[in-house]
Amino acid sequence: MTTPYQQPGYPQAPRPGAPPQQGTPPQHPGPQHGPAPVGGLFGYTSPIPARRAHLGDAVTSEWTKIRSVRSTMWTLGVMIALMAGTGLLVAAAVAATGDVGNQNVLILGFFGVLLGTMCVITLGVLVIASEYGTGLIRTTLTACPSRARVLAAKSLVFFLLVFVVSTVTTLVVGALQVAVLDGRSPTGDEWLSSTVGVSLYLALLGLLSLAVGALIRHSAGAITVMIGVVLLPLVMAIFMFSESLASLREALFTYSIPAQLAVFYGSDVSLDTAASGPQGWEPLWIMLGVTAVAMAGAFFSLDRRDV
């Protein structure tokens with residue numbers, strides 16, 4: 001019986017002290033240097049085309065995260081239910097008590113929108129603060145090292161989501177209120193202000209909440225701060241009875257967020273008839289300025305602080 005290495009034609013190992021056989025390539029024990037073979041193991045080329053990531057990739061990632069989280073859908077559902085349910089309930093109550101005369105019936109949607117601000121604030125904070133709580137922010141910044149791109153993608157996705165949902169909801173609620181109540185038909189400016197204007201204001205308020213969440217990095221703390229920003233000026237103004245605080249009371253009441261929301265429905269929010277508060281679309285520019293400052297602070301916080 002012969003082993004394979006004893007069969008004819010099988011390369012034989014050289015014996016110690018024997019001269020090298022003719023035709024046998026010399027063996028070098030050390031490492032070999034030179035270019036890797038092309039088309040072999042080291043020359044593999046992936047069929048997937050490689051390209052540089054851009055803002056669209058970050059937006060797609062943030063949209064996937066925001067629509068796959070169950071709390072997002074629940075919060076948006078509660079916001080729609082509050083805005084639609086409260087608006088229709090108030091309209092039904094007014095229709096049962098009497099005629100609205102020549103009043104703008106779209107103003108009845110204010111109460112539902114005011115309740116919906118709580119959902120917008122909560123969702124805006126959770127978009128970024130929840131990632132700090134779960135540690136997902138480290139994975140996000142590892143996949144996308146550009147922190148400005150991450151913040152821009154989150155802001156863009158959240159702003160568009162709140163704006164679209166709010167516009168559709170306020171438009172449907174307004175149409176149902178006009179159908180239920182026997183009042184005058186709203187003008188085009190009133191429709192635009194009570195739907196698009198209110199929705200832009202809500203979306204900016206959500207961005208302000210997102211910026212506060214990026215600064216505080218704690219969901220409960222950021223939500224508490226934002227609820228205080230919305231309600232505290234109005235509550236403080238109500239309990240300022242001294243005449244020496246009249247100017248401060250007027251400023252707190254006029255520029256509080258509920259009062260600015262009422263401006264979009266054509267309501268006069270000033271306590272003093274001689275004072276001049278924001279009119280028309282001025283509350284939107286005020287909120288835009290405040291949100292821009294907060295977003296700048298959120299960017300520097302995200303860019304300079306470690307995660």
# chains A, B, ... in the order shown; residues from 1 in each chain; ligands from 1

call {"tool": "residues_around", "arguments": {"residues": "stretch 181-183 of chain A", "least_positions_apart": "2", "cutoff": "9 Å", "atoms": "only C-alpha atoms", "output": "VMD selection string"}}
result
chain A and resid 91 to 92 94 to 95 99 to 105 176 to 179 185 to 186

call {"tool": "residues_around", "arguments": {"residues": "stretch 300-303 of chain A", "least_positions_apart": "3", "cutoff": "12 Å", "atoms": "only C-alpha atoms", "output": "PDB file with N, CA and C atoms, in the first residue's frame"}}
result
ATOM      1  N   ILE A 128     -35.641  64.140  19.642  1.00  0.00           N
ATOM      2  CA  ILE A 128     -34.192  64.115  19.861  1.00  0.00           C
ATOM      3  C   ILE A 128     -33.818  63.711  21.295  1.00  0.00           C
ATOM      4  N   ALA A 129     -34.631  64.118  22.282  1.00  0.00           N
ATOM      5  CA  ALA A 129     -34.257  63.813  23.673  1.00  0.00           C
ATOM      6  C   ALA A 129     -34.364  62.322  23.967  1.00  0.00           C
ATOM      7  N   TYR A 132     -31.129  60.479  23.409  1.00  0.00           N
ATOM      8  CA  TYR A 132     -30.146  60.601  24.484  1.00  0.00           C
ATOM      9  C   TYR A 132     -30.488  59.642  25.623  1.00  0.00           C
ATOM     10  N   ILE A 137     -28.413  58.064  20.177  1.00  0.00           N
ATOM     11  CA  ILE A 137     -27.745  59.217  19.573  1.00  0.00           C
ATOM     12  C   ILE A 137     -26.297  58.873  19.198  1.00  0.00           C
ATOM     13  N   ARG A 138     -25.651  57.961  19.953  1.00  0.00           N
ATOM     14  CA  ARG A 138     -24.273  57.575  19.596  1.00  0.00           C
ATOM     15  C   ARG A 138     -24.251  56.802  18.286  1.00  0.00           C
ATOM     16  N   LEU A 141     -24.888  59.394  15.409  1.00  0.00           N
ATOM     17  CA  LEU A 141     -23.729  60.229  15.079  1.00  0.00           C
ATOM     18  C   LEU A 141     -22.566  59.398  14.541  1.00  0.00           C
ATOM     19  N   PRO A 145     -21.542  61.387  10.910  1.00  0.00           N
ATOM     20  CA  PRO A 145     -20.716  62.220  11.804  1.00  0.00           C
ATOM     21  C   PRO A 145     -21.029  63.711  11.718  1.00  0.00           C
ATOM     22  N   SER A 146     -21.640  64.157  10.644  1.00  0.00           N
ATOM     23  CA  SER A 146     -21.972  65.580  10.518  1.00  0.00           C
ATOM     24  C   SER A 146     -23.158  65.911  11.416  1.00  0.00           C
ATOM     25  N   ARG A 147     -22.883  66.583  12.529  1.00  0.00           N
ATOM     26  CA  ARG A 147     -23.949  66.856  13.484  1.00  0.00           C
ATOM     27  C   ARG A 147     -24.923  67.917  12.962  1.00  0.00           C
ATOM     28  N   ALA A 148     -24.440  68.823  12.158  1.00  0.00           N
ATOM     29  CA  ALA A 148     -25.339  69.800  11.547  1.00  0.00           C
ATOM     30  C   ALA A 148     -26.330  69.106  10.611  1.00  0.00           C
ATOM     31  N   ARG A 149     -25.865  68.096   9.899  1.00  0.00           N
ATOM     32  CA  ARG A 149     -26.757  67.362   8.993  1.00  0.00           C
ATOM     33  C   ARG A 149     -27.799  66.579   9.775  1.00  0.00           C
ATOM     34  N   VAL A 150     -27.416  65.997  10.901  1.00  0.00           N
ATOM     35  CA  VAL A 150     -28.372  65.253  11.729  1.00  0.00           C
ATOM     36  C   VAL A 150     -29.456  66.184  12.256  1.00  0.00           C
ATOM     37  N   LEU A 151     -29.041  67.345  12.788  1.00  0.00           N
ATOM     38  CA  LEU A 151     -30.025  68.289  13.335  1.00  0.00           C
ATOM     39  C   LEU A 151     -30.925  68.843  12.229  1.00  0.00           C
ATOM     40  N   ALA A 152     -30.349  69.118  11.064  1.00  0.00           N
ATOM     41  CA  ALA A 152     -31.157  69.630   9.950  1.00  0.00           C
ATOM     42  C   ALA A 152     -32.164  68.585   9.473  1.00  0.00           C
ATOM     43  N   ALA A 211     -35.501  72.008  19.844  1.00  0.00           N
ATOM     44  CA  ALA A 211     -34.270  72.703  20.246  1.00  0.00           C
ATOM     45  C   ALA A 211     -34.067  72.635  21.757  1.00  0.00           C
ATOM     46  N   VAL A 212     -35.143  72.811  22.509  1.00  0.00           N
ATOM     47  CA  VAL A 212     -35.037  72.710  23.975  1.00  0.00           C
ATOM     48  C   VAL A 212     -34.649  71.281  24.381  1.00  0.00           C
ATOM     49  N   GLY A 213     -35.193  70.287  23.680  1.00  0.00           N
ATOM     50  CA  GLY A 213     -34.807  68.904  23.961  1.00  0.00           C
ATOM     51  C   GLY A 213     -33.336  68.648  23.682  1.00  0.00           C
ATOM     52  N   ALA A 214     -32.793  69.270  22.626  1.00  0.00           N
ATOM     53  CA  ALA A 214     -31.366  69.116  22.324  1.00  0.00           C
ATOM     54  C   ALA A 214     -30.500  69.816  23.356  1.00  0.00           C
ATOM     55  N   LEU A 215     -30.992  70.902  23.930  1.00  0.00           N
ATOM     56  CA  LEU A 215     -30.210  71.625  24.935  1.00  0.00           C
ATOM     57  C   LEU A 215     -30.231  70.921  26.288  1.00  0.00           C
ATOM     58  N   ILE A 216     -31.418  70.432  26.695  1.00  0.00           N
ATOM     59  CA  ILE A 216     -31.558  69.825  28.023  1.00  0.00           C
ATOM     60  C   ILE A 216     -31.191  68.339  28.003  1.00  0.00           C
ATOM     61  N   ARG A 217     -31.487  67.645  26.888  1.00  0.00           N
ATOM     62  CA  ARG A 217     -31.154  66.225  26.719  1.00  0.00           C
ATOM     63  C   ARG A 217     -31.879  65.333  27.723  1.00  0.00           C
ATOM     64  N   VAL A 293     -33.231  81.423  17.203  1.00  0.00           N
ATOM     65  CA  VAL A 293     -32.231  81.569  18.272  1.00  0.00           C
ATOM     66  C   VAL A 293     -32.048  80.246  19.021  1.00  0.00           C
ATOM     67  N   ALA A 294     -33.161  79.568  19.325  1.00  0.00           N
ATOM     68  CA  ALA A 294     -33.073  78.293  20.044  1.00  0.00           C
ATOM     69  C   ALA A 294     -32.385  77.217  19.197  1.00  0.00           C
ATOM     70  N   MET A 295     -32.646  77.204  17.889  1.00  0.00           N
ATOM     71  CA  MET A 295     -32.001  76.214  17.030  1.00  0.00           C
ATOM     72  C   MET A 295     -30.502  76.475  16.915  1.00  0.00           C
ATOM     73  N   ALA A 296     -30.102  77.739  16.902  1.00  0.00           N
ATOM     74  CA  ALA A 296     -28.669  78.048  16.892  1.00  0.00           C
ATOM     75  C   ALA A 296     -28.008  77.535  18.170  1.00  0.00           C
ATOM     76  N   GLY A 297     -28.652  77.724  19.302  1.00  0.00           N
ATOM     77  CA  GLY A 297     -28.121  77.185  20.549  1.00  0.00           C
ATOM     78  C   GLY A 297     -28.077  75.670  20.552  1.00  0.00           C
ATOM     79  N   ASP A 306     -20.039  66.477  24.158  1.00  0.00           N
ATOM     80  CA  ASP A 306     -19.893  65.064  23.861  1.00  0.00           C
ATOM     81  C   ASP A 306     -21.202  64.335  24.129  1.00  0.00           C
ATOM     82  N   VAL A 307     -21.356  63.188  23.497  1.00  0.00           N
ATOM     83  CA  VAL A 307     -22.551  62.382  23.720  1.00  0.00           C
ATOM     84  C   VAL A 307     -22.222  61.193  24.607  1.00  0.00           C
TER      85      VAL A 307
END

call {"tool": "select_by_dssp", "arguments": {"residues": "stretch 167-197 of chain A", "states": "alpha helix (DSSP H)", "output": "VMD selection string"}}
result
chain A and resid 167 to 180 188 to 192

call {"tool": "write_last_selection", "arguments": {"atoms": "N, CA and C atoms", "output": "CSV table (one decimal), in the first residue's frame"}}
result
chain,number,residue,atom,x,y,z
A,167,THR,N,-52.3,71.1,9.0
A,167,THR,CA,-53.1,71.7,7.9
A,167,THR,C,-54.3,70.9,7.5
A,168,VAL,N,-54.1,69.6,7.3
A,168,VAL,CA,-55.2,68.7,6.9
A,168,VAL,C,-56.3,68.7,8.0
A,169,THR,N,-55.9,68.6,9.3
A,169,THR,CA,-56.8,68.5,10.4
A,169,THR,C,-57.6,69.8,10.5
A,170,THR,N,-56.9,71.0,10.5
A,170,THR,CA,-57.6,72.3,10.7
A,170,THR,C,-58.6,72.5,9.5
A,171,LEU,N,-58.1,72.1,8.3
A,171,LEU,CA,-59.0,72.3,7.1
A,171,LEU,C,-60.3,71.5,7.2
A,172,VAL,N,-60.2,70.2,7.6
A,172,VAL,CA,-61.3,69.4,7.7
A,172,VAL,C,-62.2,69.9,8.9
A,173,VAL,N,-61.7,70.2,10.0
A,173,VAL,CA,-62.5,70.7,11.1
A,173,VAL,C,-63.2,72.0,10.8
A,174,GLY,N,-62.5,72.9,10.1
A,174,GLY,CA,-63.1,74.2,9.7
A,174,GLY,C,-64.3,74.0,8.7
A,175,ALA,N,-64.1,73.0,7.7
A,175,ALA,CA,-65.2,72.8,6.8
A,175,ALA,C,-66.4,72.2,7.5
A,176,LEU,N,-66.1,71.3,8.5
A,176,LEU,CA,-67.3,70.7,9.2
A,176,LEU,C,-68.0,71.8,10.1
A,177,GLN,N,-67.2,72.7,10.7
A,177,GLN,CA,-67.8,73.7,11.5
A,177,GLN,C,-68.7,74.6,10.6
A,178,VAL,N,-68.2,75.0,9.4
A,178,VAL,CA,-69.0,75.8,8.5
A,178,VAL,C,-70.3,75.1,8.1
A,179,ALA,N,-70.2,73.8,7.9
A,179,ALA,CA,-71.4,73.0,7.6
A,179,ALA,C,-72.4,72.9,8.7
A,180,VAL,N,-71.9,72.8,9.9
A,180,VAL,CA,-72.7,72.6,11.1
A,180,VAL,C,-73.4,73.9,11.5
A,188,GLY,N,-61.3,84.2,2.2
A,188,GLY,CA,-60.1,83.5,1.8
A,188,GLY,C,-59.0,83.8,2.8
A,189,ASP,N,-58.8,85.0,3.3
A,189,ASP,CA,-57.8,85.3,4.2
A,189,ASP,C,-58.0,84.6,5.6
A,190,GLU,N,-59.3,84.5,6.0
A,190,GLU,CA,-59.6,83.8,7.2
A,190,GLU,C,-59.3,82.3,7.1
A,191,TRP,N,-59.6,81.8,6.0
A,191,TRP,CA,-59.3,80.3,5.8
A,191,TRP,C,-57.8,80.1,5.8
A,192,LEU,N,-57.0,81.0,5.1
A,192,LEU,CA,-55.6,80.9,5.0
A,192,LEU,C,-54.9,81.0,6.4

call {"tool": "residues_around", "arguments": {"residues": "A:Ile107", "least_positions_apart": "6", "cutoff": "9 Å", "atoms": "only C-alpha atoms", "output": "PyMOL selection string"}}
result
chain A and resi 174+194+262+264-267

call {"tool": "atom_distance", "arguments": {"atom1": "atom CA of A:Val127", "atom2": "atom CA of A:Phe158"}}
result
7.9 Å

call {"tool": "closest_residue", "arguments": {"among": "A:Lys154, A:Leu114, A:Ser130, A:Val78", "to": "A:Trp63", "atoms": "only C-alpha atoms"}}
result
A:Lys154

call {"tool": "closest_residue", "arguments": {"among": "A:Gly228, A:Gly133, A:Pro278, A:Gly124", "to": "A:Leu210", "atoms": "only C-alpha atoms"}}
result
A:Gly124

call {"tool": "closest_residue", "arguments": {"among": "A:Leu55, A:Leu156, A:Val69, A:Met118", "to": "A:Leu207", "atoms": "only C-alpha atoms"}}
result
A:Leu156

call {"tool": "atom_distance", "arguments": {"atom1": "atom CA of A:Ala203", "atom2": "atom CA of A:Ala93"}}
result
29.1 Å

call {"tool": "closest_residue", "arguments": {"among": "A:Val90, A:Ala251, A:Leu82, A:Leu261", "to": "A:Val230", "atoms": "only C-alpha atoms"}}
result
A:Leu261

call {"tool": "closest_residue", "arguments": {"among": "A:Ala58, A:Leu108, A:Ile223, A:Leu200", "to": "A:Leu160", "atoms": "only C-alpha atoms"}}
result
A:Leu200

call {"tool": "decode", "arguments": {"residues": "stretch 110-141 of chain A", "atoms": "N, CA and C atoms", "output": "PDB file, in the first residue's frame"}}
result
ATOM      1  N   PHE A 110     -60.091  77.085  17.707  1.00  0.00           N
ATOM      2  CA  PHE A 110     -58.971  77.509  18.558  1.00  0.00           C
ATOM      3  C   PHE A 110     -58.787  76.584  19.759  1.00  0.00           C
ATOM      4  N   PHE A 111     -59.880  76.135  20.342  1.00  0.00           N
ATOM      5  CA  PHE A 111     -59.786  75.340  21.572  1.00  0.00           C
ATOM      6  C   PHE A 111     -59.099  73.980  21.300  1.00  0.00           C
ATOM      7  N   GLY A 112     -59.447  73.369  20.185  1.00  0.00           N
ATOM      8  CA  GLY A 112     -58.787  72.114  19.842  1.00  0.00           C
ATOM      9  C   GLY A 112     -57.312  72.297  19.514  1.00  0.00           C
ATOM     10  N   VAL A 113     -56.994  73.391  18.824  1.00  0.00           N
ATOM     11  CA  VAL A 113     -55.592  73.668  18.490  1.00  0.00           C
ATOM     12  C   VAL A 113     -54.778  73.920  19.758  1.00  0.00           C
ATOM     13  N   LEU A 114     -55.380  74.638  20.716  1.00  0.00           N
ATOM     14  CA  LEU A 114     -54.665  74.917  21.969  1.00  0.00           C
ATOM     15  C   LEU A 114     -54.343  73.615  22.714  1.00  0.00           C
ATOM     16  N   LEU A 115     -55.269  72.669  22.725  1.00  0.00           N
ATOM     17  CA  LEU A 115     -54.986  71.375  23.354  1.00  0.00           C
ATOM     18  C   LEU A 115     -53.957  70.584  22.537  1.00  0.00           C
ATOM     19  N   GLY A 116     -53.997  70.715  21.234  1.00  0.00           N
ATOM     20  CA  GLY A 116     -53.047  69.999  20.398  1.00  0.00           C
ATOM     21  C   GLY A 116     -51.611  70.459  20.559  1.00  0.00           C
ATOM     22  N   THR A 117     -51.408  71.685  21.081  1.00  0.00           N
ATOM     23  CA  THR A 117     -50.033  72.159  21.289  1.00  0.00           C
ATOM     24  C   THR A 117     -49.280  71.275  22.285  1.00  0.00           C
ATOM     25  N   MET A 118     -49.998  70.685  23.234  1.00  0.00           N
ATOM     26  CA  MET A 118     -49.331  69.809  24.201  1.00  0.00           C
ATOM     27  C   MET A 118     -48.721  68.586  23.498  1.00  0.00           C
ATOM     28  N   CYS A 119     -49.436  68.046  22.522  1.00  0.00           N
ATOM     29  CA  CYS A 119     -48.927  66.891  21.766  1.00  0.00           C
ATOM     30  C   CYS A 119     -47.740  67.296  20.886  1.00  0.00           C
ATOM     31  N   VAL A 120     -47.827  68.480  20.289  1.00  0.00           N
ATOM     32  CA  VAL A 120     -46.723  68.950  19.442  1.00  0.00           C
ATOM     33  C   VAL A 120     -45.456  69.150  20.279  1.00  0.00           C
ATOM     34  N   ILE A 121     -45.616  69.724  21.453  1.00  0.00           N
ATOM     35  CA  ILE A 121     -44.468  69.931  22.340  1.00  0.00           C
ATOM     36  C   ILE A 121     -43.856  68.591  22.743  1.00  0.00           C
ATOM     37  N   THR A 122     -44.705  67.656  23.122  1.00  0.00           N
ATOM     38  CA  THR A 122     -44.203  66.339  23.549  1.00  0.00           C
ATOM     39  C   THR A 122     -43.456  65.641  22.415  1.00  0.00           C
ATOM     40  N   LEU A 123     -44.038  65.659  21.234  1.00  0.00           N
ATOM     41  CA  LEU A 123     -43.402  64.979  20.104  1.00  0.00           C
ATOM     42  C   LEU A 123     -42.100  65.660  19.695  1.00  0.00           C
ATOM     43  N   GLY A 124     -42.081  66.994  19.737  1.00  0.00           N
ATOM     44  CA  GLY A 124     -40.857  67.714  19.382  1.00  0.00           C
ATOM     45  C   GLY A 124     -39.705  67.391  20.316  1.00  0.00           C
ATOM     46  N   VAL A 125     -39.995  67.297  21.599  1.00  0.00           N
ATOM     47  CA  VAL A 125     -38.936  66.950  22.559  1.00  0.00           C
ATOM     48  C   VAL A 125     -38.466  65.517  22.361  1.00  0.00           C
ATOM     49  N   LEU A 126     -39.427  64.599  22.143  1.00  0.00           N
ATOM     50  CA  LEU A 126     -39.061  63.177  22.037  1.00  0.00           C
ATOM     51  C   LEU A 126     -38.256  62.877  20.781  1.00  0.00           C
ATOM     52  N   VAL A 127     -38.381  63.680  19.738  1.00  0.00           N
ATOM     53  CA  VAL A 127     -37.654  63.414  18.494  1.00  0.00           C
ATOM     54  C   VAL A 127     -36.158  63.321  18.732  1.00  0.00           C
ATOM     55  N   ILE A 128     -35.641  64.140  19.642  1.00  0.00           N
ATOM     56  CA  ILE A 128     -34.192  64.115  19.861  1.00  0.00           C
ATOM     57  C   ILE A 128     -33.818  63.711  21.295  1.00  0.00           C
ATOM     58  N   ALA A 129     -34.631  64.118  22.282  1.00  0.00           N
ATOM     59  CA  ALA A 129     -34.257  63.813  23.673  1.00  0.00           C
ATOM     60  C   ALA A 129     -34.364  62.322  23.967  1.00  0.00           C
ATOM     61  N   SER A 130     -35.286  61.610  23.313  1.00  0.00           N
ATOM     62  CA  SER A 130     -35.413  60.181  23.567  1.00  0.00           C
ATOM     63  C   SER A 130     -34.167  59.421  23.104  1.00  0.00           C
ATOM     64  N   GLU A 131     -33.463  59.933  22.082  1.00  0.00           N
ATOM     65  CA  GLU A 131     -32.249  59.261  21.630  1.00  0.00           C
ATOM     66  C   GLU A 131     -31.134  59.382  22.656  1.00  0.00           C
ATOM     67  N   TYR A 132     -31.129  60.479  23.409  1.00  0.00           N
ATOM     68  CA  TYR A 132     -30.146  60.601  24.484  1.00  0.00           C
ATOM     69  C   TYR A 132     -30.488  59.642  25.623  1.00  0.00           C
ATOM     70  N   GLY A 133     -31.771  59.426  25.863  1.00  0.00           N
ATOM     71  CA  GLY A 133     -32.167  58.520  26.939  1.00  0.00           C
ATOM     72  C   GLY A 133     -31.854  57.067  26.637  1.00  0.00           C
ATOM     73  N   THR A 134     -32.009  56.665  25.376  1.00  0.00           N
ATOM     74  CA  THR A 134     -31.760  55.265  25.000  1.00  0.00           C
ATOM     75  C   THR A 134     -30.331  55.007  24.529  1.00  0.00           C
ATOM     76  N   GLY A 135     -29.561  56.071  24.282  1.00  0.00           N
ATOM     77  CA  GLY A 135     -28.202  55.899  23.770  1.00  0.00           C
ATOM     78  C   GLY A 135     -28.137  55.786  22.254  1.00  0.00           C
ATOM     79  N   LEU A 136     -29.289  55.893  21.586  1.00  0.00           N
ATOM     80  CA  LEU A 136     -29.303  55.795  20.127  1.00  0.00           C
ATOM     81  C   LEU A 136     -28.573  56.945  19.459  1.00  0.00           C
ATOM     82  N   ILE A 137     -28.413  58.064  20.177  1.00  0.00           N
ATOM     83  CA  ILE A 137     -27.745  59.217  19.573  1.00  0.00           C
ATOM     84  C   ILE A 137     -26.297  58.873  19.198  1.00  0.00           C
ATOM     85  N   ARG A 138     -25.651  57.961  19.953  1.00  0.00           N
ATOM     86  CA  ARG A 138     -24.273  57.575  19.596  1.00  0.00           C
ATOM     87  C   ARG A 138     -24.251  56.802  18.286  1.00  0.00           C
ATOM     88  N   THR A 139     -25.233  55.938  18.078  1.00  0.00           N
ATOM     89  CA  THR A 139     -25.324  55.215  16.801  1.00  0.00           C
ATOM     90  C   THR A 139     -25.628  56.180  15.654  1.00  0.00           C
ATOM     91  N   THR A 140     -26.522  57.129  15.911  1.00  0.00           N
ATOM     92  CA  THR A 140     -26.878  58.101  14.871  1.00  0.00           C
ATOM     93  C   THR A 140     -25.669  58.915  14.440  1.00  0.00           C
ATOM     94  N   LEU A 141     -24.888  59.394  15.409  1.00  0.00           N
ATOM     95  CA  LEU A 141     -23.729  60.229  15.079  1.00  0.00           C
ATOM     96  C   LEU A 141     -22.566  59.398  14.541  1.00  0.00           C
TER      97      LEU A 141
END
